[in-house]
Amino acid sequence: MSKPKIAIVVGSTRAARFADVPTQWIAKIAKTHADIDIEVVDLRDWPLPFFDEVASSAWAPSQNEVAQRWQKKVAEFDGFIFTAAEYNHAPTAVLKNAIDYAANEWNKKPAGFVGYGSVGGARAVEQLRLIAVELQMAPVKSAVHIAWGDFLAVRQGDKKLEDIEHLNQAAAALINDVAWWAKVLKAARAADAIASEARAA
Ligand SMILES: Cc1cc2nc3c(=O)[nH]c(=O)nc-3n(C[C@H](O)[C@H](O)[C@H](O)COP(=O)(O)O)c2cc1C
């Protein structure tokens, strides 16, 4: 079986975003993991409208052309690491909207989070974990939380994420968790597909 493919989804899109810094850092570390392939998926490249379909795509095919392409893109992956900015104690609207624009494509795949903000994006990440469960994902325990002191030091250029030991340890644990669940769930989904083909034959 081929290596699990993991998307690093950049969860904020504003021009002045900080998200590029944790994205490049986590992608560089994840690319050193022998068991997974990594691709950065930037929501700036996916100009989805605010959700405007008759139903979730779990129940009715989406009409919007970007949404159709987005669902195919999400389907390519075996697991996800989301950068999680916190806006008013919640995930960004742009990330929630992108999540809502796919459905079955998220199912039975792991989700990990790189949060940042005053409390390391913890409130946004906890909400994202609940959303992930509704999408039949497997949110992993390990996470990165870049809290205020480190966040400000990195944003002001006084420190680099690469030099902050506890964050590098958290990143390694997160990537290991996502890689493990991605491998296990990819095999399980493949076994399910073979079993359902056999039943149909
Ligand atoms: C609308 C808005 C609301 C915010 N609310 C929070 C918040 O609730 N908690 C927090 O830690 N930071 C909050 N912040 C500060 C963000 O953590 C900080 O701007 C961060 O850089 C946002 O991520 P981004 O730059 O990738 O968009 C908020 C920022 C914005 C723009």
# chains A, B, ... in the order shown; residues from 1 in each chain; ligands from 1
>>> closest_atom_pairs(of="chain A", to="ligand 1", cutoff="6 Å", atoms="only C-alpha atoms and all ligand atoms", output="tab-separated table")
residue	atom	partner	partner_atom_place_in_ligand_line	distance
A:Ser12	CA	ligand 1	26 (O)	5.0
A:Arg14	CA	ligand 1	27 (O)	5.8
A:Arg17	CA	ligand 1	25 (O)	3.3
A:Phe18	CA	ligand 1	25 (O)	3.7
A:Ala19	CA	ligand 1	26 (O)	3.8
A:Ala85	CA	ligand 1	23 (O)	4.3
A:Glu86	CA	ligand 1	9 (N)	4.9
A:Tyr87	CA	ligand 1	3 (C)	3.5
A:Asn88	CA	ligand 1	8 (O)	3.3
A:His89	CA	ligand 1	8 (O)	3.7
A:Gly117	CA	ligand 1	11 (O)	3.6
A:Ser118	CA	ligand 1	11 (O)	3.7
A:Val119	CA	ligand 1	11 (O)	5.7
A:Gly121	CA	ligand 1	11 (O)	5.7
>>> select_by_dssp(residues="region 133-183 of chain A", states="strand (DSSP E or B)", output="list of chain:residue names")
A:Ala138, A:Pro139, A:Val144, A:His145, A:Ile146
>>> residues_around(residues="Ile146 (chain A)", least_positions_apart="6", cutoff="7 Å", atoms="only C-alpha atoms", output="PyMOL selection string")
chain A and resi 115-117+120
>>> closest_residue(among="A:Ala75, A:Gln127, A:Ala58, A:Ala138", to="Asp100 (chain A)", atoms="only C-alpha atoms")
A:Ala58
>>> select_by_dssp(residues="region 117-169 of chain A", states="helix (DSSP H, G or I)", output="list in words")
Ala122, Arg123, Ala124, Val125, Glu126, Gln127, Leu128, Arg129, Leu130, Ile131, Ala132, Val133, Glu134, Trp148, Gly149, Asp150, Phe151, Leu152, Ala153, Val154, Arg155, Leu161, Glu162, Asp163, Glu165, His166, Leu167, Asn168 and Gln169 of chain A
>>> write_last_selection(atoms="C-alpha atoms", output="PDB file, in the first residue's frame")
ATOM      1  CA  ALA A 122      -6.735  25.904  22.388  1.00  0.00           C
ATOM      2  CA  ARG A 123     -10.347  27.120  22.262  1.00  0.00           C
ATOM      3  CA  ALA A 124     -10.423  26.970  18.476  1.00  0.00           C
ATOM      4  CA  VAL A 125      -8.738  23.562  18.474  1.00  0.00           C
ATOM      5  CA  GLU A 126     -11.218  22.104  20.974  1.00  0.00           C
ATOM      6  CA  GLN A 127     -14.120  23.250  18.782  1.00  0.00           C
ATOM      7  CA  LEU A 128     -12.411  21.780  15.735  1.00  0.00           C
ATOM      8  CA  ARG A 129     -12.075  18.437  17.541  1.00  0.00           C
ATOM      9  CA  LEU A 130     -15.869  18.355  18.065  1.00  0.00           C
ATOM     10  CA  ILE A 131     -16.483  19.270  14.430  1.00  0.00           C
ATOM     11  CA  ALA A 132     -14.072  16.524  13.369  1.00  0.00           C
ATOM     12  CA  VAL A 133     -16.013  13.926  15.354  1.00  0.00           C
ATOM     13  CA  GLU A 134     -19.242  14.906  13.583  1.00  0.00           C
ATOM     14  CA  TRP A 148       1.211  34.045  23.532  1.00  0.00           C
ATOM     15  CA  GLY A 149       4.862  34.397  24.665  1.00  0.00           C
ATOM     16  CA  ASP A 150       6.209  32.227  21.867  1.00  0.00           C
ATOM     17  CA  PHE A 151       3.651  33.569  19.361  1.00  0.00           C
ATOM     18  CA  LEU A 152       4.665  37.191  19.989  1.00  0.00           C
ATOM     19  CA  ALA A 153       8.392  36.396  20.052  1.00  0.00           C
ATOM     20  CA  VAL A 154       8.135  34.606  16.698  1.00  0.00           C
ATOM     21  CA  ARG A 155       5.870  37.252  15.158  1.00  0.00           C
ATOM     22  CA  LEU A 161       9.717  28.111  15.892  1.00  0.00           C
ATOM     23  CA  GLU A 162      12.649  25.856  14.969  1.00  0.00           C
ATOM     24  CA  ASP A 163      14.484  27.023  18.112  1.00  0.00           C
ATOM     25  CA  GLU A 165      12.281  22.951  21.934  1.00  0.00           C
ATOM     26  CA  HIS A 166       8.903  22.191  23.532  1.00  0.00           C
ATOM     27  CA  LEU A 167       7.094  23.134  20.296  1.00  0.00           C
ATOM     28  CA  ASN A 168       9.377  20.919  18.222  1.00  0.00           C
ATOM     29  CA  GLN A 169       8.660  18.046  20.600  1.00  0.00           C
TER      30      GLN A 169
END
>>> residues_around(residues="region 181-194 of chain A", least_positions_apart="5", cutoff="9 Å", atoms="only C-alpha atoms", output="list in words")
Met1, Lys3, Pro4, Lys5, Ile6, Asp35, Ile36, Asp78, Gly79, Phe80, Lys108, Lys109, Pro110, Ala138, Val140, Asn176 and Arg199 of chain A
>>> residues_around(residues="Lys31 (chain A)", least_positions_apart="5", cutoff="12 Å", atoms="only C-alpha atoms", output="list in words")
Lys5, Ile6, Ala7, Ile8, Thr23, Gln24, Trp25, Ile26, Ile36, Asp37, Ile38, Glu39, Val40, Ala171, Ala172, Ile175, Asn176 and Ala179 of chain A
>>> write_last_selection(atoms="C-alpha atoms", output="compact mmCIF listing (two decimals), in the first residue's frame")
# COMPACT_ATOMS: atom_id res chain seq x y z
CA LYS A 5 -0.90 11.36 1.99
CA ILE A 6 -1.32 14.11 4.58
CA ALA A 7 -2.60 17.62 3.84
CA ILE A 8 -1.47 20.57 5.88
CA THR A 23 2.62 26.09 8.10
CA GLN A 24 6.17 26.18 6.74
CA TRP A 25 7.58 24.97 10.06
CA ILE A 26 5.23 22.00 10.49
CA ILE A 36 3.91 9.88 5.02
CA ASP A 37 3.76 12.21 2.04
CA ILE A 38 2.94 15.86 2.71
CA GLU A 39 1.16 18.55 0.67
CA VAL A 40 0.28 22.06 1.80
CA ALA A 171 5.21 18.82 16.52
CA ALA A 172 6.97 15.44 16.42
CA ILE A 175 3.01 14.12 13.26
CA ASN A 176 3.61 10.65 14.73
CA ALA A 179 0.94 9.21 10.61
>>> closest_residue(among="A:Gln71, A:Ser56, A:Ser62, A:Thr92", to="Thr13 (chain A)", atoms="only C-alpha atoms")
A:Thr92
>>> residues_around(residues="Val66 (chain A)", least_positions_apart="5", cutoff="10 Å", atoms="only C-alpha atoms", output="number ranges by chain")
A: 45-49, 71-72, 101
>>> residues_around(residues="Leu135 (chain A)", least_positions_apart="6", cutoff="9 Å", atoms="only C-alpha atoms", output="PyMOL selection string")
chain A and resi 103-108
>>> write_last_selection(atoms="N, CA, C and O atoms", output="short mmCIF file (atom, residue, chain, number, x, y, z; two decimals), in the first residue's frame")
data_model
loop_
_atom_site.label_atom_id
_atom_site.label_comp_id
_atom_site.auth_asym_id
_atom_site.auth_seq_id
_atom_site.Cartn_x
_atom_site.Cartn_y
_atom_site.Cartn_z
N ALA A 103 -17.81 16.46 2.92
CA ALA A 103 -18.50 15.67 3.95
C ALA A 103 -17.85 14.29 4.02
O ALA A 103 -16.91 14.07 4.79
N ASN A 104 -18.30 13.38 3.16
CA ASN A 104 -17.79 12.01 3.22
C ASN A 104 -16.27 11.94 3.02
O ASN A 104 -15.62 11.01 3.49
N GLU A 105 -15.74 12.95 2.32
CA GLU A 105 -14.31 12.94 2.00
C GLU A 105 -13.44 13.06 3.25
O GLU A 105 -12.25 12.75 3.22
N TRP A 106 -14.04 13.56 4.38
CA TRP A 106 -13.27 13.69 5.63
C TRP A 106 -13.33 12.39 6.44
O TRP A 106 -12.54 12.19 7.35
N ASN A 107 -14.31 11.54 6.15
CA ASN A 107 -14.64 10.42 7.04
C ASN A 107 -13.49 9.44 7.23
O ASN A 107 -12.79 9.08 6.28
N LYS A 108 -13.36 8.96 8.47
CA LYS A 108 -12.44 7.87 8.82
C LYS A 108 -10.99 8.21 8.48
O LYS A 108 -10.22 7.39 7.98
#
>>> atom_distance(atom1="CA of Asn64 (chain A)", atom2="CA of Asp52 (chain A)")
8.4 Å
>>> atom_distance(atom1="CA of Ala143 (chain A)", atom2="CA of Ala173 (chain A)")
7.6 Å
>>> closest_residue(among="A:Ala93, A:Val41, A:Ala30, A:Ala102", to="Glu53 (chain A)", atoms="only C-alpha atoms")
A:Ala102
>>> atom_distance(atom1="CA of Ala67 (chain A)", atom2="CA of Ala55 (chain A)")
12.6 Å
